[in-house]
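S.K.: Structure in structure tokens, see below.
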Amino acid sequence: MSARTPSDQAVARHGWPQAVAVVLAGLLAMGVVAALGLWAAGATGLPDNAFPRVVAATVVTAVGGTVEMSGDAGGLAESAAGLTVMPLSVTLVGALVIAAGFLRPLRHRAVAGARELLGWAARIAVLWLAALLGVALAARQDFTVSLGDDTLADLGDLFGISPKVGFRTDVPPTLFFGLLWLAGVVVLALLVSRGAPLPPRLLRFQESVRPAAYAMVVLLLVCVAVGVVIGVVVAATRGHARETLAVILLGLPNLVWLAFTIGLGATWDGRVDGPFDLPMPHVLDEVLRGSETATLNLSTLAEYDGRVWWLVAVDAVLVLAAGFVSAARSPRRMRVWQHAVHLAVALALTVLMICLVGRLSAHYGLSVLGIGDLGGDLGGELLLEPQVWGALGFALLWGLAGGFLGGLLARPVRRP
């Protein structure tokens with residue numbers, strides 16, 4: 001009997017069966033969360049048994065995939081629709097499950113070769129692409145749009161017009177962005193976990209990168225946890241429990257991370273036009289609703305509700321705590337100004353990520369014989385875009401201050 005080499009044992013610990021388990025666990029977790037959220041939102045009543053395909057489309061968008069909207073209203077009519085959004089609750093659950101599965105075989109080790117790590121990640125990536133392709137092909141459906149009970153309905157009956165709107169996945173961009181999303185999850189998992197092994201050449205970077213990366217992940221998760229508590233309290237005291245559950249299961253990080261950036265001083269531009277109903281606090285809907293693009297920041301929100309200034313105090317506590325955690329996990333020899341720089345860079349990258357994944361765009365329109373312009377009564381638009389450079393500037397300032405003060409506070413508890 002021949003002895004097995006260490007590399008053979010490493011492959012045995014995380015080979016193809018383990019990769020299958022990681023991919024299936026991630027997709028199953030995302031599918032369950034998406035299905036529960038859509039159920040709470042009332043999507044089970046969609047016609048033509050479309051619910052499973054809507055769940056598939058939700059999973060596709062959660063990993064950065066592209067779902068295209070299509071319209072067909074016949075030769076005498078015109079329709080248009082579009083949707084760009086990431087349900088970040090589904091995204092977050094999938095990222096946590098896949099990251100945990102990726103790290104599990106690597107625990108209790110100090111060093112791992114680059115070839116071993118790349119091989120383990122490649123197995124997951126191949127299976128992930130195959131599974132994502134199946135989900136993307138399943139995410140397609142067409143619906144018939146009602147023209148209502150007015151003149152448009154009469155014209156539709158007269159000319160035999162049955163407007164339809166549907167969605168289908170654009171497969172190549174979905175596979176590309178889905179693979180990019182997976183790579184980001186794997187890299188972030190290696191950066192955050194203190195117990196995850198790194199190749200010897202990268203060990204010198206772990207002291208400066210890992211503590212700040214860990215602090216940022218904790219900060220984002222704390223924001224989500226606070227949002228869950230607030231959502232449960234609102235559901236218990238003000239009713240609308242099912243709608244609140246839908247928001248928690250589909251888009252809670254979209255809201256709380258948006259609020260976090262606004263508390264830092266960031267500005268978002270947005271508009272709500274038509275019958276769209278935003279699943280967010282009423283004050284945001286008041287600011288955004290109208291025919292012109294509105295500015296969303298602390299000052300504009302304070303005109304409607306002065307309590308938004310509490311976001312500044314909450315962010316100050318969160319950033320200071322992140323600075324403390326980062327410094328406490330750093331070597332004692334690291335200087336205070338280094339903590340400030342590390343946290344500033346980490347917070348800027350975190351805010352950049354929020355700006356990229358938190359964008360929201362949706363529109364639809366229908367016109368029959370020129371009645372009901374594509375942007376008129378039968379149309380609607382929802383838009384939310386960040387002013388990225390300003391957000392990054394505020395993040396750097398907050399990170400410098402939080403890292404400096406956190407480094408001072410962590411001096412008595414810093415590990416050797």
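Every chain in the structure tokens has a letter given in the order shown (A, B, ...), and although residue numbers restart at 1 in each chain, ligands are simply numbered from 1 in the order shown.
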Please identify which residues in segment 39-288 of chain A DSSP calls helix (DSSP H, G or I) from the backbone, and express them as a ChimeraX atom specification.
M.R.: /A:39-40,43-45,51-62,88-106,114-138,151-159,171-192,200-238,241-264,282-288
S.K.: Check which residues of segment 250-357 of chain A sit at most 12 Å from segment 23-37 of chain A using only C-alpha atoms, and return one row each with the closest pair of atoms and their distance in Å to one decimal, ordered by chain and rising number, as JSON lines.
M.R.:
{"residue": "A:Leu250", "atom": "CA", "partner": "A:Gly37", "partner_atom": "CA", "distance": 5.6}
{"residue": "A:Gly251", "atom": "CA", "partner": "A:Gly37", "partner_atom": "CA", "distance": 9.1}
{"residue": "A:Leu252", "atom": "CA", "partner": "A:Gly37", "partner_atom": "CA", "distance": 10.9}
S.K.: Could those selected residues go to a file with N, CA and C atoms, as a tab-separated table (two decimals), in the first residue's frame?
M.R.:
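result23.tsv written:
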chain	number	residue	atom	x	y	z
A	250	LEU	N	-35.89	40.01	0.75
A	250	LEU	CA	-35.46	40.34	-0.61
A	250	LEU	C	-34.50	41.53	-0.67
A	251	GLY	N	-34.80	42.59	0.05
A	251	GLY	CA	-34.02	43.81	-0.17
A	251	GLY	C	-33.62	44.58	1.06
A	252	LEU	N	-33.51	43.94	2.22
A	252	LEU	CA	-33.14	44.68	3.42
A	252	LEU	C	-31.77	45.33	3.32
S.K.: What parts of segment 111-328 of chain A does DSSP call strand (DSSP E or B)? I'd like the answer as a ChimeraX atom specification.
M.R.: /A:111,140-144,164-170,198,268-273,289,294-296
S.K.: Could you please take those selected residues and save C-alpha atoms as a compact mmCIF listing (two decimals), in the first residue's frame?
M.R.:
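Generated output (out-v1.txt):
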# COMPACT_ATOMS: atom_id res chain seq x y z
CA VAL A 111 -0.39 27.96 4.93
CA ARG A 140 -38.01 33.14 -18.63
CA GLN A 141 -41.72 33.93 -18.72
CA ASP A 142 -44.33 36.02 -20.59
CA PHE A 143 -47.40 37.70 -19.09
CA THR A 144 -50.46 39.30 -20.68
CA LYS A 164 -47.55 41.04 -23.34
CA VAL A 165 -44.53 41.65 -21.18
CA GLY A 166 -42.00 39.07 -20.20
CA PHE A 167 -38.49 38.44 -18.98
CA ARG A 168 -35.64 36.16 -19.96
CA THR A 169 -32.03 35.86 -18.95
CA ASP A 170 -29.23 37.18 -21.11
CA LEU A 198 -2.73 31.78 2.41
CA TRP A 268 -27.99 59.61 -4.27
CA ASP A 269 -30.06 60.81 -7.22
CA GLY A 270 -33.43 59.21 -7.77
CA ARG A 271 -36.95 59.47 -9.05
CA VAL A 272 -40.22 57.62 -8.57
CA ASP A 273 -42.77 58.27 -11.28
CA ARG A 289 -41.63 60.92 -6.08
CA ALA A 294 -34.48 64.38 -6.79
CA THR A 295 -31.42 64.55 -4.58
CA LEU A 296 -31.36 62.17 -1.65
S.K.: Go through A:Gly407, A:Pro197, A:Gly134, A:Gly65 and flag the residue nearest Arg107 of chain A, using only C-alpha atoms for the distances.
M.R.: A:Pro197
S.K.: When you count only C-alpha atoms, which of these residues is closest to Thr84 of chain A: A:Leu382, A:Phe260, A:Leu360, A:Val232?
M.R.: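 Of all the options, A:Leu360 lies closest to Thr84 of chain A.
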S.K.: Any chance you could tabulate, as a Markdown table, the residues of segment 203-317 of chain A at most 12 Å from segment 174-187 of chain A with each one's nearest atom pair and distance in Å to one decimal, using only C-alpha atoms, in chain and rising number order?
M.R.:
| residue | atom | partner | partner_atom | distance |
| --- | --- | --- | --- | --- |
| A:Val209 | CA | A:Val187 | CA | 11.9 |
| A:Arg210 | CA | A:Val187 | CA | 11.3 |
| A:Ala213 | CA | A:Val187 | CA | 10.9 |
| A:Val217 | CA | A:Val185 | CA | 11.7 |
S.K.: Looking at A:Gly231, A:Leu408, A:Met69, A:Arg115, which one is nearest to Glu243 of chain A, with distances taken over only C-alpha atoms?
M.R.: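 Of all the options, A:Gly231 lies closest to Glu243 of chain A.
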S.K.: Can I get the residues of segment 187-263 of chain A within 12 Å of segment 385-397 of chain A, each with the closest pair of atoms and their distance in Å to one decimal, using only C-alpha atoms, sorted chain first then ascending number, as a tab-separated table?
M.R.:
residue	atom	partner	partner_atom	distance
A:Leu258	CA	A:Pro386	CA	9.4
A:Phe260	CA	A:Ala395	CA	10.6
A:Thr261	CA	A:Ala391	CA	7.1
A:Ile262	CA	A:Ala391	CA	8.5
A:Gly263	CA	A:Phe394	CA	9.9
S.K.: Taking only C-alpha atoms into account, name the residue in A:Arg123, A:Leu118, A:Ala196, A:Ile248 that is nearest to Pro105 of chain A.
M.R.: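 Looking only at the distances to Pro105 of chain A, the closest residue turns out to be A:Ala196.
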